[in-house]
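Undergrad: Pasting run.txt here (compact mmCIF, C-alpha atoms and all ligand atoms):
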# COMPACT_ATOMS: atom_id res chain seq x y z
CA MET A 1 0.00 0.00 0.00
CA GLU A 2 2.89 2.25 0.81
CA ARG A 3 4.07 2.47 -2.79
CA ALA A 4 0.66 2.88 -4.39
CA PRO A 5 0.93 6.66 -4.52
CA ASP A 6 3.92 6.26 -6.82
CA LEU A 7 1.70 5.11 -9.63
CA LEU A 8 -0.75 7.94 -8.94
CA ALA A 9 2.13 10.40 -9.07
CA LEU A 10 3.08 8.80 -12.37
CA GLY A 11 -0.35 9.61 -13.75
CA LEU A 12 -2.33 6.42 -13.15
CA ASP A 13 -5.96 7.33 -13.74
CA ASP A 14 -9.27 5.79 -14.73
CA ARG A 15 -8.43 5.90 -18.40
CA VAL A 16 -5.33 3.78 -17.85
CA ARG A 17 -7.19 1.43 -15.52
CA ALA A 18 -9.93 1.03 -18.11
CA LEU A 19 -7.36 -0.16 -20.64
CA THR A 20 -6.41 -3.08 -18.40
CA ALA A 21 -9.87 -3.87 -17.08
CA GLY A 22 -11.72 -7.01 -18.11
CA ARG A 23 -9.12 -8.33 -20.49
CA GLY A 24 -7.96 -11.11 -18.25
CA ARG A 25 -4.39 -9.97 -18.32
CA ASN A 26 -2.04 -11.61 -15.88
CA GLY A 27 0.52 -9.43 -14.32
CA GLU A 28 1.12 -6.09 -12.81
CA LEU A 29 0.40 -2.68 -14.23
CA GLY A 30 3.25 -0.19 -14.31
CA ARG A 31 4.78 2.74 -16.12
CA VAL A 32 8.10 2.69 -17.96
CA ILE A 33 10.35 5.35 -16.46
CA ARG A 34 13.45 4.46 -18.45
CA SER A 35 14.32 2.25 -21.38
CA ASP A 36 17.90 1.35 -21.85
CA ARG A 37 19.62 -1.29 -24.00
CA GLY A 38 16.60 -3.49 -24.32
CA PHE A 39 15.52 -3.25 -20.69
CA ALA A 40 12.46 -1.38 -19.49
CA PHE A 41 12.57 0.07 -16.00
CA VAL A 42 8.97 -0.19 -14.83
CA VAL A 43 7.45 1.26 -11.67
CA THR A 44 4.68 -1.06 -10.47
CA GLU A 45 2.68 -1.19 -7.30
CA SER A 46 5.23 -3.58 -5.82
CA GLY A 47 8.21 -1.43 -6.74
CA LEU A 48 10.68 -1.05 -9.57
CA ARG A 49 10.99 -3.98 -12.00
CA VAL A 50 13.65 -4.21 -14.68
CA ALA A 51 12.05 -6.20 -17.46
CA ARG A 52 12.78 -7.45 -20.95
CA PRO A 53 10.03 -7.29 -23.57
CA ALA A 54 8.19 -10.54 -24.32
CA THR A 55 8.92 -12.18 -27.68
CA ARG A 56 5.58 -11.08 -29.04
CA LEU A 57 6.57 -7.44 -28.53
CA VAL A 58 10.05 -7.94 -29.99
CA LYS A 59 8.36 -9.22 -33.16
CA GLN A 60 6.47 -5.92 -33.37
CA ALA A 61 9.60 -3.82 -32.95
CA ASP A 62 9.45 -2.50 -36.52
CA GLU A 63 6.01 -1.05 -35.88
CA GLY A 64 7.09 0.65 -32.66
CA GLY A 65 5.73 -2.14 -30.46
CA LEU A 66 8.58 -2.21 -27.92
CA PRO A 67 8.01 -0.46 -24.60
CA VAL A 68 9.32 3.10 -24.47
CA VAL A 69 9.58 5.64 -21.70
CA GLY A 70 6.12 6.81 -20.66
CA ASP A 71 4.37 3.61 -21.70
CA TRP A 72 1.86 1.92 -19.43
CA VAL A 73 2.67 -1.78 -19.49
CA VAL A 74 1.77 -5.09 -17.94
CA VAL A 75 4.69 -6.93 -16.35
CA SER A 76 4.55 -10.65 -15.61
CA GLY A 77 6.61 -12.86 -13.33
CA ASP A 78 6.67 -12.94 -9.57
CA GLU A 79 9.65 -11.89 -7.52
CA ASP A 80 11.68 -14.99 -8.44
CA ASP A 81 11.01 -15.06 -12.18
CA GLU A 82 12.68 -12.81 -14.66
CA PRO A 83 10.11 -10.09 -15.25
CA LEU A 84 8.78 -9.67 -18.78
CA VAL A 85 6.83 -6.81 -20.31
CA GLU A 86 3.86 -8.77 -21.65
CA ASP A 87 1.84 -5.94 -23.03
CA VAL A 88 2.10 -2.28 -23.95
CA LEU A 89 -1.21 -0.53 -23.37
CA GLU A 90 -2.67 1.60 -26.12
CA ARG A 91 -0.81 4.91 -26.31
CA LEU A 92 -2.73 8.11 -25.84
CA SER A 93 0.05 10.01 -27.57
CA ALA A 94 3.46 9.10 -28.96
CA ILE A 95 6.27 11.04 -30.59
CA MET A 96 7.55 9.12 -33.57
CA ARG A 97 10.45 9.84 -35.85
CA ARG A 98 12.10 7.88 -38.59
CA ASP A 99 14.67 5.59 -36.99
CA PRO A 100 18.02 7.15 -37.94
CA GLY A 101 19.73 3.74 -37.82
CA ARG A 102 17.25 1.58 -39.74
CA ALA A 103 15.59 2.44 -43.03
CA SER A 104 11.79 2.70 -43.14
CA ARG A 105 11.46 1.85 -39.46
CA VAL A 106 9.85 4.00 -36.82
CA GLN A 107 11.34 5.02 -33.51
CA VAL A 108 9.01 6.02 -30.71
CA LEU A 109 10.70 8.62 -28.52
CA ALA A 110 8.16 8.82 -25.70
CA ALA A 111 4.56 7.83 -25.04
CA ASN A 112 1.56 9.13 -23.13
CA ILE A 113 2.76 12.68 -22.87
CA ASP A 114 0.58 15.77 -22.60
CA THR A 115 3.09 18.46 -23.48
CA VAL A 116 6.27 18.46 -25.54
CA VAL A 117 8.72 21.25 -24.84
CA ILE A 118 10.87 21.82 -27.90
CA THR A 119 14.08 23.40 -26.60
CA HIS A 120 16.31 25.56 -28.75
CA PRO A 121 19.14 27.79 -27.59
CA ILE A 122 19.13 31.42 -28.66
CA ASP A 123 22.73 32.24 -27.83
CA SER A 124 22.94 32.15 -31.63
CA PRO A 125 20.02 32.66 -34.07
CA ALA A 126 17.39 29.90 -33.77
CA LYS A 127 17.47 27.17 -36.43
CA LEU A 128 14.00 27.61 -37.88
CA GLY A 129 14.05 24.59 -40.19
CA ARG A 130 14.90 22.32 -37.31
CA ILE A 131 12.09 23.70 -35.17
CA GLU A 132 9.63 23.23 -38.04
CA ARG A 133 10.58 19.55 -38.28
CA GLU A 134 10.14 19.00 -34.58
CA LEU A 135 6.79 20.78 -34.62
CA ALA A 136 5.49 18.48 -37.36
CA LEU A 137 6.39 15.42 -35.28
CA VAL A 138 4.91 16.87 -32.12
CA TRP A 139 1.63 17.95 -33.73
CA ASP A 140 1.39 14.43 -35.09
CA SER A 141 1.99 12.88 -31.67
CA GLY A 142 -1.27 13.92 -30.08
CA ALA A 143 0.54 16.00 -27.45
CA LEU A 144 0.65 19.79 -27.45
CA PRO A 145 3.88 21.59 -28.39
CA VAL A 146 5.48 24.41 -26.43
CA ILE A 147 8.72 26.08 -27.51
CA ALA A 148 11.38 27.01 -24.98
CA LEU A 149 14.02 29.38 -26.35
CA THR A 150 16.78 28.54 -23.91
CA LYS A 151 19.84 30.47 -22.78
CA ALA A 152 17.93 33.72 -23.17
CA ASP A 153 20.52 35.32 -20.87
CA LEU A 154 23.04 34.90 -23.71
CA ALA A 155 20.80 36.19 -26.53
CA ASP A 156 21.48 39.46 -28.35
CA ASP A 157 17.82 40.26 -28.92
CA VAL A 158 15.35 37.99 -27.13
CA ASP A 159 12.24 39.72 -28.52
CA ALA A 160 13.43 39.39 -32.10
CA GLU A 161 14.01 35.65 -31.61
CA VAL A 162 10.58 35.19 -30.05
CA LEU A 163 8.99 36.96 -33.01
CA ALA A 164 10.95 35.01 -35.61
CA VAL A 165 10.10 31.68 -34.01
CA GLY A 166 6.49 32.72 -33.38
CA ASP A 167 6.13 33.30 -37.14
CA ILE A 168 7.00 29.70 -37.96
CA ALA A 169 4.99 28.20 -35.10
CA PRO A 170 1.34 29.16 -35.54
CA GLY A 171 -0.68 28.38 -32.43
CA VAL A 172 2.32 27.38 -30.34
CA PRO A 173 3.36 29.20 -27.14
CA VAL A 174 6.95 30.46 -27.35
CA HIS A 175 8.76 31.13 -24.06
CA PRO A 176 12.27 32.49 -23.70
CA THR A 177 13.89 30.71 -20.75
CA SER A 178 17.04 31.05 -18.74
CA THR A 179 18.17 28.87 -15.89
CA VAL A 180 20.59 31.66 -14.97
CA SER A 181 17.98 34.38 -14.44
CA GLY A 182 14.99 32.08 -13.90
CA GLN A 183 13.14 33.69 -16.82
CA GLY A 184 10.34 31.62 -18.30
CA LEU A 185 10.48 28.79 -15.77
CA ASP A 186 7.02 29.54 -14.42
CA GLU A 187 5.63 29.47 -17.95
CA ILE A 188 7.02 25.96 -18.44
CA ARG A 189 5.91 24.94 -14.95
CA ALA A 190 2.35 25.92 -15.88
CA HIS A 191 2.27 22.85 -18.15
CA LEU A 192 3.18 20.53 -15.30
CA GLY A 193 0.61 19.38 -12.83
CA ALA A 194 -0.66 16.31 -11.06
CA GLY A 195 -1.09 13.43 -13.47
CA ARG A 196 0.44 15.27 -16.41
CA THR A 197 3.54 14.29 -18.33
CA LEU A 198 5.87 16.68 -20.11
CA VAL A 199 8.80 15.70 -22.32
CA LEU A 200 11.69 17.82 -23.56
CA ILE A 201 13.17 17.29 -27.01
CA GLY A 202 15.77 19.24 -28.93
CA PRO A 203 19.38 19.24 -30.04
CA SER A 204 22.20 18.17 -27.74
CA GLY A 205 23.43 20.98 -25.55
CA SER A 206 20.21 22.97 -25.89
CA GLY A 207 19.71 22.88 -22.13
CA LYS A 208 17.07 20.18 -21.62
CA SER A 209 18.65 18.57 -18.56
CA THR A 210 19.48 21.94 -17.05
CA LEU A 211 15.84 22.92 -17.47
CA VAL A 212 14.68 19.67 -15.89
CA ASN A 213 16.94 20.27 -12.93
CA ALA A 214 15.73 23.83 -12.55
CA LEU A 215 12.11 22.68 -12.63
CA ALA A 216 12.69 19.74 -10.32
CA GLY A 217 14.78 21.46 -7.67
CA GLU A 218 18.19 20.80 -6.24
CA ASP A 219 17.73 17.30 -4.86
CA ILE A 220 17.35 15.72 -8.24
CA GLN A 221 20.10 17.84 -9.70
CA THR A 222 22.76 16.51 -7.33
CA THR A 223 21.79 12.87 -7.82
CA ARG A 224 21.60 13.28 -11.55
CA GLU A 225 24.97 14.98 -11.82
CA VAL A 226 26.62 12.02 -10.14
CA ARG A 227 24.70 9.50 -12.17
CA MET A 228 25.02 11.16 -15.53
CA SER A 229 28.63 12.21 -15.39
CA ASP A 230 30.49 10.31 -18.07
CA GLY A 231 33.90 11.12 -16.67
CA LYS A 232 34.59 13.54 -19.49
CA GLY A 233 33.19 16.48 -17.63
CA ARG A 234 30.06 16.60 -19.76
CA HIS A 235 26.64 15.55 -18.67
CA THR A 236 25.21 14.49 -21.97
CA THR A 237 22.01 12.57 -21.40
CA VAL A 238 22.26 8.95 -22.54
CA ALA A 239 18.80 7.52 -21.87
CA ARG A 240 15.25 8.75 -21.93
CA GLU A 241 14.17 9.02 -18.36
CA LEU A 242 10.99 9.97 -16.55
CA ILE A 243 11.16 11.83 -13.24
CA THR A 244 8.27 12.72 -10.98
CA LEU A 245 8.31 16.16 -9.44
CA PRO A 246 7.62 16.87 -5.78
CA THR A 247 5.14 19.49 -6.96
CA GLY A 248 3.24 16.95 -9.08
CA GLY A 249 3.53 15.86 -12.65
CA ALA A 250 6.21 13.96 -14.52
CA ILE A 251 8.99 15.18 -16.75
CA ILE A 252 10.90 13.14 -19.34
CA ASP A 253 14.44 14.17 -20.23
CA THR A 254 15.77 12.84 -23.52
CA PRO A 255 19.19 12.68 -25.16
CA GLY A 256 19.71 15.34 -27.82
CA LEU A 257 18.40 14.43 -31.25
CA ARG A 258 20.89 14.67 -34.07
CA ALA A 259 18.45 13.92 -36.86
CA VAL A 260 14.73 14.57 -36.92
CA GLY A 261 13.47 12.42 -39.77
CA MET A 262 9.83 12.60 -40.72
CA TRP A 263 7.69 9.57 -40.22
CA ASP A 264 4.16 9.15 -41.60
CA SER A 265 3.45 12.59 -40.17
CA SER A 266 1.40 14.39 -42.81
CA GLU A 267 -1.35 15.43 -40.40
CA GLY A 268 1.25 16.91 -38.10
CA LEU A 269 2.83 18.67 -41.05
CA ASP A 270 -0.43 20.36 -41.99
CA GLN A 271 -0.88 21.53 -38.43
CA ALA A 272 2.70 22.76 -38.16
CA PHE A 273 2.16 24.66 -41.43
CA ALA A 274 -1.36 25.84 -40.70
CA ASP A 275 -0.53 29.15 -42.41
CA ILE A 276 0.18 27.36 -45.71
CA ALA A 277 -2.80 25.04 -45.27
CA GLY A 278 -4.95 28.16 -44.80
CA LEU A 279 -3.58 29.87 -47.89
CA ALA A 280 -4.03 26.65 -49.89
CA GLU A 281 -7.78 26.94 -49.50
CA GLY A 282 -7.54 29.80 -52.01
CA CYS A 283 -5.74 27.70 -54.64
CA ARG A 284 -7.70 27.05 -57.83
CA PHE A 285 -7.14 23.28 -57.67
CA ARG A 286 -7.94 21.34 -54.57
CA ASP A 287 -4.95 19.02 -55.03
CA CYS A 288 -2.61 21.93 -55.80
CA THR A 289 1.00 21.11 -54.88
CA HIS A 290 1.93 24.81 -54.91
CA ASP A 291 4.56 24.11 -57.51
CA GLY A 292 3.77 26.03 -60.67
CA GLU A 293 0.06 25.29 -60.96
CA PRO A 294 -2.10 28.16 -62.26
CA GLY A 295 -4.11 30.03 -59.65
CA CYS A 296 -1.91 28.96 -56.73
CA ALA A 297 -2.65 31.17 -53.73
CA VAL A 298 0.37 29.89 -51.80
CA GLU A 299 2.85 30.92 -54.47
CA ALA A 300 1.01 34.20 -54.88
CA ALA A 301 1.59 34.83 -51.17
CA VAL A 302 5.31 34.25 -51.67
CA VAL A 303 5.34 36.75 -54.54
CA SER A 304 3.47 39.34 -52.47
CA GLY A 305 5.88 38.80 -49.58
CA GLU A 306 3.19 37.55 -47.22
CA LEU A 307 4.77 34.08 -47.02
CA PRO A 308 8.57 33.76 -46.79
CA GLU A 309 9.95 31.57 -49.56
CA ARG A 310 12.07 29.72 -46.98
CA ARG A 311 8.86 28.59 -45.28
CA LEU A 312 7.35 27.16 -48.48
CA GLU A 313 10.62 25.39 -49.31
CA SER A 314 10.72 23.90 -45.84
CA TYR A 315 7.15 22.66 -46.23
CA ARG A 316 7.91 21.10 -49.60
CA GLU A 317 11.01 19.37 -48.26
CA LEU A 318 9.15 17.80 -45.33
CA GLN A 319 6.23 16.83 -47.55
CA ALA A 320 8.61 15.07 -49.95
CA GLU A 321 10.24 13.26 -47.06
CA ILE A 322 6.90 12.00 -45.78
CA ARG A 323 5.93 10.87 -49.28
CA HIS A 324 9.19 8.94 -49.50
CA VAL A 325 8.57 7.23 -46.16
CA ASN A 326 5.09 6.19 -47.28
CA GLU A 327 6.47 4.78 -50.53
CA GLU A 328 9.00 2.74 -48.59
CA LEU A 329 6.29 1.49 -46.26
CA ASP A 330 4.20 0.43 -49.27
CA VAL A 331 7.15 -1.48 -50.71
CA ARG A 332 7.74 -3.22 -47.41
CA ALA A 333 4.07 -4.10 -47.02
CA ARG A 334 4.09 -5.60 -50.56
CA GLN A 335 7.20 -7.64 -49.79
CA GLU A 336 5.68 -8.93 -46.59
CA ARG A 337 2.48 -9.87 -48.40
CA LYS A 338 4.48 -11.71 -51.03
CA GLN A 339 6.35 -13.69 -48.40
CA ALA A 340 3.12 -14.54 -46.65
CA ASP A 341 1.66 -15.72 -49.98
CA LYS A 342 4.70 -17.91 -50.58
CA ARG A 343 4.36 -19.48 -47.16
CA LEU A 344 0.71 -20.17 -47.78
CA ALA A 345 1.44 -21.71 -51.21
CA ARG A 346 4.09 -23.95 -49.64
CA ASP A 347 1.71 -25.08 -46.92
CA ILE A 348 -0.97 -25.88 -49.50
CA ARG A 349 1.52 -27.92 -51.57
CA ARG A 350 2.54 -29.86 -48.46
CA PHE A 351 -1.06 -30.47 -47.61
CA TYR A 352 -1.81 -32.00 -51.03
CA ARG A 353 1.42 -33.99 -51.13
CA SER A 354 0.56 -35.56 -47.86
CA GLY A 355 -2.72 -36.68 -49.33
CA GLY A 356 -4.78 -34.17 -47.46
CA ARG A 357 -3.55 -35.17 -44.02
CA SER A 358 -2.00 -32.04 -42.63
N1 LIG B 401 23.86 30.64 -19.94
C1 LIG B 401 23.05 29.58 -19.92
N2 LIG B 401 23.56 28.34 -20.09
C2 LIG B 401 22.72 27.30 -20.06
C3 LIG B 401 21.33 27.45 -19.87
N3 LIG B 401 20.74 26.24 -19.92
C4 LIG B 401 21.74 25.35 -20.13
N4 LIG B 401 22.93 25.97 -20.21
C5 LIG B 401 24.23 25.31 -20.43
O1 LIG B 401 24.22 24.61 -21.65
C6 LIG B 401 25.00 23.41 -21.56
C7 LIG B 401 24.22 22.21 -22.04
O2 LIG B 401 23.11 22.02 -21.17
P1 LIG B 401 22.40 20.59 -20.99
O3 LIG B 401 21.25 20.83 -20.08
O4 LIG B 401 23.35 19.55 -20.61
O5 LIG B 401 21.88 20.31 -22.46
P2 LIG B 401 21.03 19.05 -22.96
O6 LIG B 401 20.01 19.59 -23.90
O7 LIG B 401 20.52 18.27 -21.81
O8 LIG B 401 22.11 18.21 -23.78
P3 LIG B 401 22.07 16.63 -24.12
O9 LIG B 401 21.81 15.88 -22.85
O10 LIG B 401 23.41 16.36 -24.71
O11 LIG B 401 20.98 16.45 -25.12
C8 LIG B 401 25.44 23.30 -20.12
O12 LIG B 401 26.77 23.75 -20.02
C9 LIG B 401 24.50 24.25 -19.39
O13 LIG B 401 25.08 24.82 -18.24
C10 LIG B 401 20.82 28.81 -19.68
O14 LIG B 401 19.61 29.05 -19.53
N5 LIG B 401 21.73 29.82 -19.73
MG MG B 402 20.72 16.33 -21.30
ZN ZN B 403 -1.31 26.07 -54.48
How does the structure come out when it is put into structure tokens?
Ligand SMILES: Nc1nc2c(ncn2[C@@H]2O[C@H](COP(=O)(O)OP(=O)(O)OP(=O)(O)O)[C@@H](O)[C@H]2O)c(=O)[nH]1
Ligand SMILES: [Mg+2]
Ligand SMILES: [Zn+2]
TA:
Amino acid sequence: MERAPDLLALGLDDRVRALTAGRGRNGELGRVIRSDRGFAFVVTESGLRVARPATRLVKQADEGGLPVVGDWVVVSGDEDDEPLVEDVLERLSAIMRRDPGRASRVQVLAANIDTVVITHPIDSPAKLGRIERELALVWDSGALPVIALTKADLADDVDAEVLAVGDIAPGVPVHPTSTVSGQGLDEIRAHLGAGRTLVLIGPSGSGKSTLVNALAGEDIQTTREVRMSDGKGRHTTVARELITLPTGGAIIDTPGLRAVGMWDSSEGLDQAFADIAGLAEGCRFRDCTHDGEPGCAVEAAVVSGELPERRLESYRELQAEIRHVNEELDVRARQERKQADKRLARDIRRFYRSGGRS
């Protein structure tokens, strides 16, 4: 009973309970607070379990079926057995990017999050194209994006950066933050609360862990510094990790992303580029690709200066990337169908050869 509040602090609610109810699942419910080299660290009612995924889940790895940080899972095995993650409960939200190491595979960065804080430093001008990519993934995830422009204490012109980023992020709150002056921390804190989960994503060195420490308070900072030190004097984050805050809510720190490849994220793209989607309603053709067609309102907006050309190019690039991913997925699906057909044909041959006794 003593540990039960842990799961509540981790966001256990009726929705999650409903996902496990009445399905006859054996095992214990828990939330993944860290996934590292094939192991899931799961907080359950009886404490922390370090579990491997069951074979069934490993087989679904290509489709993002392995447990990731933030997942609600069912863990089997009593204290003596090796614990296994038997089931990953349906995700309410999930950030997915193209796996940088494996072609046409998806990588799920975090699951069941409410808010994604995209962190970008403004000690030099913000990288707009990079932010646009991240926004497309986040809008596609089902969570709400927030942008933190970090290291504001080192920026030449904070207001100019906020304006420039605001222009490429329709509908997204943009907060300059500084862990030196404390600027913007309350604005980020406003997205944390009991039962809510917030994740930080962004390039390495953009200040995610520093922000987590500032939000969490000193206790966590000292333990983390010891744990995360790699002996080289840098505290680069190596695993995605979920931390509960004394003030309520959970925060997931992630290692910096080098590449942000699009997945099947076209809905997210349209939301991230709501300005272009809005202009496109004025195009003469409904399937206008804004690439030389007559009566294109989007290109007209570029000519009039209303829409920066950089923005349209960025949109086109991401759209092409998503199209490419979908083509690859189609090819893979066809190959898998073909293999399944071959297996079936072989089984039928065997059946007839054996005189109908299978
Ligand atoms: N001046 C200033 N420096 C900051 C601020 N936030 C972070 N830094 C510094 O930026 C460096 C990188 O910060 P981290 O928090 O480790 O960055 P990270 O995003 O977690 O990096 P990875 O774990 O590699 O992805 C550290 O030296 C921090 O002290 C800030 O608001 N102002
Ligand atoms: Mg870090
Ligand atoms: Zn058009």
Undergrad: To check your reading of the model: which residues sit at most 9 Å from ligand LIG 401 (chain B) when counting only C-alpha atoms and all ligand atoms? Write the answer as a PyMOL selection string.
TA: chain A and resi 119-121+123+149-154+177-183+200-213+234-239+253-257
Undergrad: What is the CA of Ile251 (chain A)-CA of Leu185 (chain A) distance in Å, reported with one decimal?
TA: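 Answer for the CA of Ile251 (chain A) to CA of Leu185 (chain A) separation: 13.7 Å.
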Undergrad: As JSON, please report the centre and edge lengths, rounded to one decimal in Å, of the axis-aligned box that holds all listed atoms of region 155-174 of chain A with 3 Å of padding on each of the six sides.
TA:
{"center_x": 10.4, "center_y": 33.8, "center_z": -32.2, "size_x": 28.2, "size_y": 18.9, "size_z": 17.4}
Undergrad: For a test of reading the model, state the distance in Å between CA of Gln60 (chain A) and CA of Glu241 (chain A), rounded to one decimal.
TA: 22.5 Å
Undergrad: Smallest atom-to-atom distance to Val199 (chain A): which of A:Val325, A:Val50, A:Ile113, A:Ala340, using all atoms listed in the file?
TA: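 Nearest to Val199 (chain A): A:Ile113.
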Undergrad: Any idea what's packed within 12 Å of Asp81 (chain A), counting only C-alpha atoms, ignoring anything in its chain fewer than 3 positions away? Could you give it as a list in words?
TA: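 Near neighbours after the sequence-gap exclusion: Arg49, Val50, Ala51, Arg52, Val75, Ser76, Gly77, Asp78 and Leu84 of chain A.
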Undergrad: Can I get region 277-284 of chain A with all heavy atoms filled in, as a CSV table (one decimal), in the coordinates of the input?
TA:
chain,number,residue,atom,x,y,z
A,277,ALA,N,-1.5,25.8,-45.1
A,277,ALA,CA,-2.8,25.0,-45.3
A,277,ALA,C,-4.0,26.0,-45.4
A,277,ALA,O,-4.8,25.8,-46.3
A,277,ALA,CB,-3.1,24.1,-44.1
A,278,GLY,N,-3.9,27.1,-44.7
A,278,GLY,CA,-5.0,28.2,-44.8
A,278,GLY,C,-4.9,28.8,-46.2
A,278,GLY,O,-6.0,29.0,-46.8
A,279,LEU,N,-3.7,29.2,-46.6
A,279,LEU,CA,-3.6,29.9,-47.9
A,279,LEU,C,-4.0,28.9,-49.0
A,279,LEU,O,-4.7,29.4,-50.0
A,279,LEU,CB,-2.1,30.2,-48.1
A,279,LEU,CG,-1.6,31.4,-47.4
A,279,LEU,CD1,0.0,31.5,-47.5
A,279,LEU,CD2,-2.2,32.7,-47.9
A,280,ALA,N,-3.7,27.6,-48.8
A,280,ALA,CA,-4.0,26.6,-49.9
A,280,ALA,C,-5.5,26.5,-50.2
A,280,ALA,O,-5.9,26.1,-51.3
A,280,ALA,CB,-3.5,25.3,-49.5
A,281,GLU,N,-6.3,27.0,-49.2
A,281,GLU,CA,-7.8,26.9,-49.5
A,281,GLU,C,-8.2,27.9,-50.6
A,281,GLU,O,-9.2,27.7,-51.3
A,281,GLU,CB,-8.6,27.3,-48.2
A,281,GLU,CG,-8.6,26.1,-47.3
A,281,GLU,CD,-9.2,26.5,-45.9
A,281,GLU,OE1,-10.0,27.5,-45.9
A,281,GLU,OE2,-8.9,25.7,-45.0
A,282,GLY,N,-7.3,28.9,-50.9
A,282,GLY,CA,-7.5,29.8,-52.0
A,282,GLY,C,-7.0,29.4,-53.3
A,282,GLY,O,-7.1,30.1,-54.4
A,283,CYS,N,-6.3,28.2,-53.4
A,283,CYS,CA,-5.7,27.7,-54.6
A,283,CYS,C,-6.9,27.3,-55.6
A,283,CYS,O,-7.9,26.8,-55.1
A,283,CYS,CB,-4.8,26.5,-54.4
A,283,CYS,SG,-3.3,27.0,-53.5
A,284,ARG,N,-6.6,27.4,-56.9
A,284,ARG,CA,-7.7,27.0,-57.8
A,284,ARG,C,-8.0,25.6,-57.8
A,284,ARG,O,-9.2,25.1,-57.8
A,284,ARG,CB,-7.3,27.5,-59.3
A,284,ARG,CG,-8.4,27.2,-60.3
A,284,ARG,CD,-8.0,27.7,-61.7
A,284,ARG,NE,-7.5,29.1,-61.7
A,284,ARG,CZ,-6.8,29.6,-62.7
A,284,ARG,NH1,-6.5,28.8,-63.7
A,284,ARG,NH2,-6.4,30.8,-62.6
